[in-house]
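Enquirer: Here it is: the structure, laid out below.
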Amino acid sequence: MSRATGETIKQQEQVRLSLPFRDAQDFDDAQRGFIAKPNHGVVKGTDGRVVWDIDSFGFAEAEEAPDTVNPSLWRQLRLLTIHGLFEVVPGIYQVRGLDLSNITFVEGTDGVIVIDPLISAETAAAALALYREHRGDRPVTAVIYTHSHVDHFGGVRGVVDVADVQAGRVPIVAPEHFLHHAIAENIYAGTAMTRRATYMYGPLLPRSPEGQVSTGLGLTTSVGQITLIAPTLDITATGQREVLDGVPIEFQVTPGTEAPSEMNFFFPDHGALCGAENVSHNLHNILTLRGALVRDPHMWSHYLNEAVTLFGDRTDVLFASHHWPRWGREHAIQLLAKQRDLYGYLHDQTLRLLNKGYVGSEIAEMFELPPGLANEWANRGYYGSVSHNVKAIYQRYMGWFDGNPAHLWTHPPEEAAKRYVEFMGGADSVLAQARRSYEEGDYRWVAEVVSHVVFADPDNTDARELEARALEQLGYQAESGTWRNFYLMGALELREGGKGTPVTTMSGDVLGAMTLSQILDSIAVRVDGMRAAQERLVLNWVLDDEQAVTTLNDGVLTHIVGTQVDNADATLTFDRPGLAKALLAGDLSGMQVKGDEQAPGRLFAVLDAADPDFEIVLP
Ligand SMILES: [Zn+2]
């Protein structure tokens, strides 16, 4: 690890001068209502593995940011380390800092409603225990998932028994289509997203001023048991009212915002508005760096506006599933309004500039937020960034192609790299010039140009070290926690090679909740097209009470659900464990075959395996 260069220190000083560091309202809010810290900062799994370790962020106690951390991000880190059980208002409590997200407890007549049970069963159970230690041993009477991301449902089995849900004693409330979207993200690009998530969240980086200093949205992700219990009560429309355990709740559905299935909701008896993850103390992602479909900033802005209209004149406190609440009507509405305008501004100004012919990278570079939005701490790009969000909006409307035919059919990275290095006079010449750029502080250019040398010859250790040093300074300078993690993970892997992927969102519960159609989709994206090109195969599938027909033709596996055909090569009957064995281990012994015994083997023979550890900074 290198130290911060003079150029980086200068940039950090610039940040100190340009932002309103004297405004300490967020620190007051993050501490308000504090009841207790957990007895242990470390949460372990049943196998003794560390699932969560708040103590590892103890280095953030110093008020002054070290030279190796952007002072604005350091401020966010210090806010995120304020953790424990907090009272939002009498009857509503939050445990913060025990996972990436918050878990909220709303007290009802007979027990307590849980909102968003974190990522892991272990952290969720620890949070519930902390709550009960101070608020009494209340049973969980309902669970609400605000949206379909794993940090808002993964720990559900840590707070509720699936038998109580199945018996109808504990309703699980979620926005419509929750289950479909919670699973869909894992099916198509799950492996690649998971690999990139290690770069985004940086779980392999040291927790230190030279390493991981949060993700901006939360400290980091817990690594325990991910669970899922399907919702039993759908919220389908804005204005829907439900009473859970004697507590009335008014819902606002917000599909296509931060998640494809998401909702805000209001507690009229408490004057409390839950903003899910639509409102937070950072600029969020229009396109997350781990990869996803591009989100819609236009609708996001619209729904925040609608929330102000629906609940604004009754809201005394605004809380969410990340970060700390805002108290006071004016103060709470101000946050909604500032974020509404932030996403609206990003959307409208990107389109204005795009319609003048600028491409994404140009717009990102020239884009400026007006002071009323930029100087709002909650609008700073700790998780998303203005730069990559603007490019995402360009992508949403225009796609990857910038319209310049010179960019329509470029050589892929390794081929381009060889040619660049040769044209630039060979690796030694490139590195000599790049070292000068490094001295001048142009780390962006060093990273871009030296990456060509690395891709042309990954054994060039001088090139790898120089690129690593440039990425490191970019990481130290980054205000966004996710940019910092990407840069520092890149530096780590350039120096030490890849180390495997500890982040996963797939689990037995998630697999178990897949429909037959989703399972067949997950098989189809593993078909090696050319190997399967000559196969023609029709199969009937039976899984519990679901059925489908697949056709493998010209290297493509398509399916129709809810039917069977007479002329199939075979009919395959599975139970879920048998199908899991076939998919995960290629073991077909848990399957019954009627018809051609060889037919299923012909399909499984053309399935390819994904690579969970593919290279990113190396060819
Ligand atoms: Zn979240």
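Numbering starts fresh at 1 for the residues of each chain in the structure tokens, the chains themselves are lettered A, B, ... in the order given, and ligands are numbered from 1 as they appear.
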Please identify all polymer residues within 12 Å of Leu552 in chain A, counting only C-alpha atoms, omitting same-chain residues fewer than 3 positions from it, and present them as number ranges by chain.

Expert: A: 520, 523-524, 527-529, 531-540, 549, 555-559, 568-569, 599-600, 602-604, 606-607

Enquirer: Kindly work out which residues sit at most 7 Å from ligand 1, using only C-alpha atoms and all ligand atoms, and give the list as an mmCIF file with N, CA, C and O atoms, in the first residue's frame.

Expert:
```cif
data_model
loop_
_atom_site.group_PDB
_atom_site.id
_atom_site.type_symbol
_atom_site.label_atom_id
_atom_site.label_comp_id
_atom_site.auth_asym_id
_atom_site.auth_seq_id
_atom_site.Cartn_x
_atom_site.Cartn_y
_atom_site.Cartn_z
ATOM 1 N N SER A 101 -27.750 -2.695 6.234
ATOM 2 C CA SER A 101 -29.046 -2.008 6.299
ATOM 3 C C SER A 101 -29.508 -1.862 7.754
ATOM 4 O O SER A 101 -28.866 -2.361 8.674
ATOM 5 N N HIS A 149 -34.425 -6.349 -2.480
ATOM 6 C CA HIS A 149 -32.974 -6.562 -2.378
ATOM 7 C C HIS A 149 -32.629 -7.354 -1.113
ATOM 8 O O HIS A 149 -33.266 -7.199 -0.074
ATOM 9 N N ASP A 151 -30.499 -7.298 1.235
ATOM 10 C CA ASP A 151 -30.224 -6.701 2.554
ATOM 11 C C ASP A 151 -31.516 -6.269 3.259
ATOM 12 O O ASP A 151 -31.476 -5.694 4.340
ATOM 13 N N HIS A 152 -32.665 -6.594 2.657
ATOM 14 C CA HIS A 152 -33.956 -6.246 3.263
ATOM 15 C C HIS A 152 -34.832 -7.472 3.534
ATOM 16 O O HIS A 152 -35.947 -7.315 4.001
ATOM 17 N N GLU A 277 -35.860 2.421 0.639
ATOM 18 C CA GLU A 277 -34.513 2.843 0.227
ATOM 19 C C GLU A 277 -34.619 3.898 -0.881
ATOM 20 O O GLU A 277 -33.674 4.177 -1.598
ATOM 21 N N SER A 321 -34.474 2.471 5.562
ATOM 22 C CA SER A 321 -33.797 1.216 5.832
ATOM 23 C C SER A 321 -32.284 1.306 5.691
ATOM 24 O O SER A 321 -31.582 0.294 5.739
ATOM 25 N N HIS A 322 -31.782 2.510 5.475
ATOM 26 C CA HIS A 322 -30.357 2.779 5.607
ATOM 27 C C HIS A 322 -30.225 4.148 6.273
ATOM 28 O O HIS A 322 -31.134 4.980 6.194
#
```

Enquirer: Using only C-alpha atoms, which of A:Ala364, A:Val69, A:Trp541, A:Pro260 sits nearest His180 in chain A?

Expert: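 Selected residue with least distance to His180 in chain A: A:Pro260.
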
Enquirer: Pick out the closest residue to Arg96 in chain A from this set: A:Ala126, A:Leu289, A:Leu19, A:Met200. Count only C-alpha atoms.

Expert: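 Residue with the minimum atom-to-atom distance to Arg96 in chain A: A:Ala126.
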
Enquirer: Go through range 462-505 of chain A and collect every residue that DSSP, computed from the backbone, puts in alpha helix (DSSP H); the answer should be as a ChimeraX atom specification.

Expert: /A:462-477,481-496

Enquirer: Restricting the output to N, CA, C and O atoms, write the selected residues as a short mmCIF file (atom, residue, chain, number, x, y, z; two decimals), in the first residue's frame.

Expert:
```cif
data_model
loop_
_atom_site.label_atom_id
_atom_site.label_comp_id
_atom_site.auth_asym_id
_atom_site.auth_seq_id
_atom_site.Cartn_x
_atom_site.Cartn_y
_atom_site.Cartn_z
N ASP A 462 6.13 -4.64 -13.38
CA ASP A 462 6.30 -3.19 -13.23
C ASP A 462 5.01 -2.47 -13.61
O ASP A 462 4.59 -1.53 -12.95
N ALA A 463 4.41 -2.95 -14.70
CA ALA A 463 3.16 -2.33 -15.15
C ALA A 463 2.05 -2.55 -14.12
O ALA A 463 1.29 -1.63 -13.79
N ARG A 464 1.98 -3.76 -13.61
CA ARG A 464 0.94 -4.06 -12.62
C ARG A 464 1.11 -3.19 -11.38
O ARG A 464 0.13 -2.68 -10.83
N GLU A 465 2.35 -3.01 -10.94
CA GLU A 465 2.58 -2.19 -9.74
C GLU A 465 2.25 -0.72 -10.01
O GLU A 465 1.63 -0.05 -9.18
N LEU A 466 2.62 -0.22 -11.19
CA LEU A 466 2.34 1.19 -11.48
C LEU A 466 0.83 1.43 -11.59
O LEU A 466 0.31 2.41 -11.07
N GLU A 467 0.13 0.51 -12.24
CA GLU A 467 -1.32 0.66 -12.32
C GLU A 467 -1.93 0.58 -10.91
O GLU A 467 -2.83 1.35 -10.56
N ALA A 468 -1.45 -0.35 -10.10
CA ALA A 468 -1.96 -0.48 -8.73
C ALA A 468 -1.78 0.82 -7.95
O ALA A 468 -2.68 1.27 -7.23
N ARG A 469 -0.61 1.44 -8.11
CA ARG A 469 -0.36 2.70 -7.37
C ARG A 469 -1.29 3.80 -7.84
O ARG A 469 -1.78 4.61 -7.04
N ALA A 470 -1.56 3.84 -9.14
CA ALA A 470 -2.49 4.87 -9.66
C ALA A 470 -3.91 4.63 -9.14
O ALA A 470 -4.60 5.55 -8.70
N LEU A 471 -4.33 3.36 -9.18
CA LEU A 471 -5.68 3.03 -8.69
C LEU A 471 -5.80 3.38 -7.21
O LEU A 471 -6.85 3.86 -6.75
N GLU A 472 -4.73 3.14 -6.46
CA GLU A 472 -4.75 3.44 -5.03
C GLU A 472 -4.98 4.92 -4.77
O GLU A 472 -5.81 5.29 -3.93
N GLN A 473 -4.28 5.78 -5.49
CA GLN A 473 -4.48 7.22 -5.27
C GLN A 473 -5.91 7.63 -5.68
O GLN A 473 -6.53 8.46 -5.02
N LEU A 474 -6.41 7.03 -6.76
CA LEU A 474 -7.79 7.32 -7.17
C LEU A 474 -8.76 6.89 -6.07
O LEU A 474 -9.74 7.56 -5.78
N GLY A 475 -8.46 5.74 -5.45
CA GLY A 475 -9.29 5.26 -4.34
C GLY A 475 -9.23 6.20 -3.15
O GLY A 475 -10.27 6.53 -2.56
N TYR A 476 -8.04 6.65 -2.81
CA TYR A 476 -7.90 7.56 -1.67
C TYR A 476 -8.68 8.85 -1.90
O TYR A 476 -9.20 9.45 -0.97
N GLN A 477 -8.73 9.28 -3.16
CA GLN A 477 -9.39 10.55 -3.47
C GLN A 477 -10.90 10.42 -3.59
O GLN A 477 -11.62 11.41 -3.47
N GLY A 481 -17.83 5.59 -1.66
CA GLY A 481 -17.29 4.37 -1.04
C GLY A 481 -17.14 3.25 -2.05
O GLY A 481 -16.20 2.47 -1.99
N THR A 482 -18.07 3.17 -3.00
CA THR A 482 -18.02 2.07 -3.96
C THR A 482 -16.90 2.29 -4.99
O THR A 482 -16.26 1.34 -5.42
N TRP A 483 -16.65 3.54 -5.38
CA TRP A 483 -15.50 3.81 -6.26
C TRP A 483 -14.21 3.44 -5.55
O TRP A 483 -13.34 2.79 -6.11
N ARG A 484 -14.13 3.87 -4.31
CA ARG A 484 -12.92 3.57 -3.53
C ARG A 484 -12.68 2.06 -3.47
O ARG A 484 -11.57 1.58 -3.71
N ASN A 485 -13.74 1.31 -3.16
CA ASN A 485 -13.59 -0.14 -3.06
C ASN A 485 -13.17 -0.75 -4.40
O ASN A 485 -12.33 -1.64 -4.45
N PHE A 486 -13.77 -0.28 -5.49
CA PHE A 486 -13.38 -0.78 -6.82
C PHE A 486 -11.89 -0.53 -7.09
O PHE A 486 -11.16 -1.42 -7.51
N TYR A 487 -11.46 0.70 -6.83
CA TYR A 487 -10.05 1.05 -7.09
C TYR A 487 -9.11 0.21 -6.23
O TYR A 487 -8.12 -0.34 -6.71
N LEU A 488 -9.45 0.10 -4.94
CA LEU A 488 -8.52 -0.60 -4.04
C LEU A 488 -8.54 -2.11 -4.27
O LEU A 488 -7.51 -2.77 -4.13
N MET A 489 -9.69 -2.65 -4.66
CA MET A 489 -9.73 -4.07 -5.02
C MET A 489 -8.92 -4.32 -6.29
O MET A 489 -8.24 -5.34 -6.40
N GLY A 490 -9.00 -3.38 -7.24
CA GLY A 490 -8.20 -3.51 -8.47
C GLY A 490 -6.72 -3.53 -8.12
O GLY A 490 -5.95 -4.37 -8.62
N ALA A 491 -6.31 -2.63 -7.24
CA ALA A 491 -4.89 -2.57 -6.83
C ALA A 491 -4.49 -3.88 -6.16
O ALA A 491 -3.43 -4.45 -6.44
N LEU A 492 -5.36 -4.38 -5.29
CA LEU A 492 -5.07 -5.63 -4.56
C LEU A 492 -4.88 -6.79 -5.54
O LEU A 492 -3.92 -7.56 -5.42
N GLU A 493 -5.76 -6.91 -6.51
CA GLU A 493 -5.67 -8.06 -7.42
C GLU A 493 -4.54 -7.90 -8.43
O GLU A 493 -3.98 -8.89 -8.90
N LEU A 494 -4.17 -6.66 -8.77
CA LEU A 494 -3.00 -6.47 -9.63
C LEU A 494 -1.75 -6.96 -8.91
O LEU A 494 -0.85 -7.54 -9.51
N ARG A 495 -1.70 -6.73 -7.60
CA ARG A 495 -0.50 -7.13 -6.84
C ARG A 495 -0.52 -8.60 -6.46
O ARG A 495 0.50 -9.27 -6.49
N GLU A 496 -1.71 -9.09 -6.09
CA GLU A 496 -1.74 -10.43 -5.49
C GLU A 496 -2.55 -11.45 -6.27
O GLU A 496 -2.64 -12.61 -5.85
#
```

Enquirer: Quick one: pull the distance between CA of Glu330 in chain A and CA of His298 in chain A, Å, one decimal.

Expert: 24.0 Å

Enquirer: Give me the residues near range 112-114 of chain A as a PyMOL selection string, where near means some atom within 10 Å (using only C-alpha atoms) and where sequence neighbours in that chain fewer than 3 positions away do not count.

Expert: chain A and resi 91-94+103-109+117+124+128+132+137-145+156+159-160+170-172+244-245+247

Enquirer: Identify, with DSSP run on backbone atoms, the residues in range 150-352 of chain A assigned to strand (DSSP E), and express the list as a ChimeraX atom specification.

Expert: /A:172-175,233-235,241-244,247-253,263-267,272-274,317-319,326-327

Enquirer: Go ahead and dump the residues you just picked, C-alpha atoms, as a CSV table (one decimal), in the first residue's frame.

Expert:
```
chain,number,residue,atom,x,y,z
A,172,ILE,CA,-45.2,-11.3,5.6
A,173,VAL,CA,-46.0,-8.1,3.8
A,174,ALA,CA,-44.3,-7.0,0.6
A,175,PRO,CA,-44.8,-4.9,-2.5
A,233,LEU,CA,-49.8,-10.3,1.8
A,234,ASP,CA,-49.1,-8.2,-1.3
A,235,ILE,CA,-49.3,-4.5,-1.4
A,241,ARG,CA,-54.4,0.4,4.1
A,242,GLU,CA,-53.6,-2.5,6.4
A,243,VAL,CA,-53.8,-2.9,10.1
A,244,LEU,CA,-51.0,-5.1,11.4
A,247,VAL,CA,-51.1,-0.7,13.9
A,248,PRO,CA,-52.6,1.1,10.9
A,249,ILE,CA,-50.4,1.6,7.9
A,250,GLU,CA,-50.9,3.5,4.6
A,251,PHE,CA,-48.9,2.3,1.6
A,252,GLN,CA,-47.4,3.9,-1.5
A,253,VAL,CA,-46.1,1.6,-4.1
A,263,MET,CA,-42.9,0.7,-1.4
A,264,ASN,CA,-43.0,3.6,1.1
A,265,PHE,CA,-45.5,3.5,3.9
A,266,PHE,CA,-46.8,5.8,6.6
A,267,PHE,CA,-47.8,5.2,10.2
A,272,ALA,CA,-43.8,8.4,10.9
A,273,LEU,CA,-43.0,7.8,7.3
A,274,CYS,CA,-40.8,4.9,6.2
A,317,VAL,CA,-40.3,11.8,11.4
A,318,LEU,CA,-38.9,10.2,8.3
A,319,PHE,CA,-36.9,7.0,8.7
A,326,ARG,CA,-34.9,13.0,10.1
A,327,TRP,CA,-37.2,14.6,12.7
```

Enquirer: For Gly441 in chain A, list every protein, DNA or RNA residue within 10 Å, evaluated using only C-alpha atoms, and leave out those in the same chain fewer than 5 positions away; present the list as a PDB file with C-alpha atoms, in the first residue's frame.

Expert:
```pdb
ATOM      1  CA  THR A   5       0.795  11.603  -2.656  1.00  0.00           C
ATOM      2  CA  GLY A   6       1.097  15.395  -2.510  1.00  0.00           C
ATOM      3  CA  GLU A   7      -1.458  15.588  -5.293  1.00  0.00           C
ATOM      4  CA  THR A   8      -3.956  13.502  -3.306  1.00  0.00           C
ATOM      5  CA  ARG A 435       5.533   7.450 -14.614  1.00  0.00           C
ATOM      6  CA  ARG A 436       5.749  11.103 -15.631  1.00  0.00           C
ATOM      7  CA  VAL A 446      -1.959   6.305 -15.799  1.00  0.00           C
ATOM      8  CA  ALA A 470      -2.487   4.870  -9.656  1.00  0.00           C
ATOM      9  CA  GLN A 473      -4.484   7.224  -5.269  1.00  0.00           C
ATOM     10  CA  LEU A 474      -7.792   7.323  -7.167  1.00  0.00           C
TER      11      LEU A 474
END
```
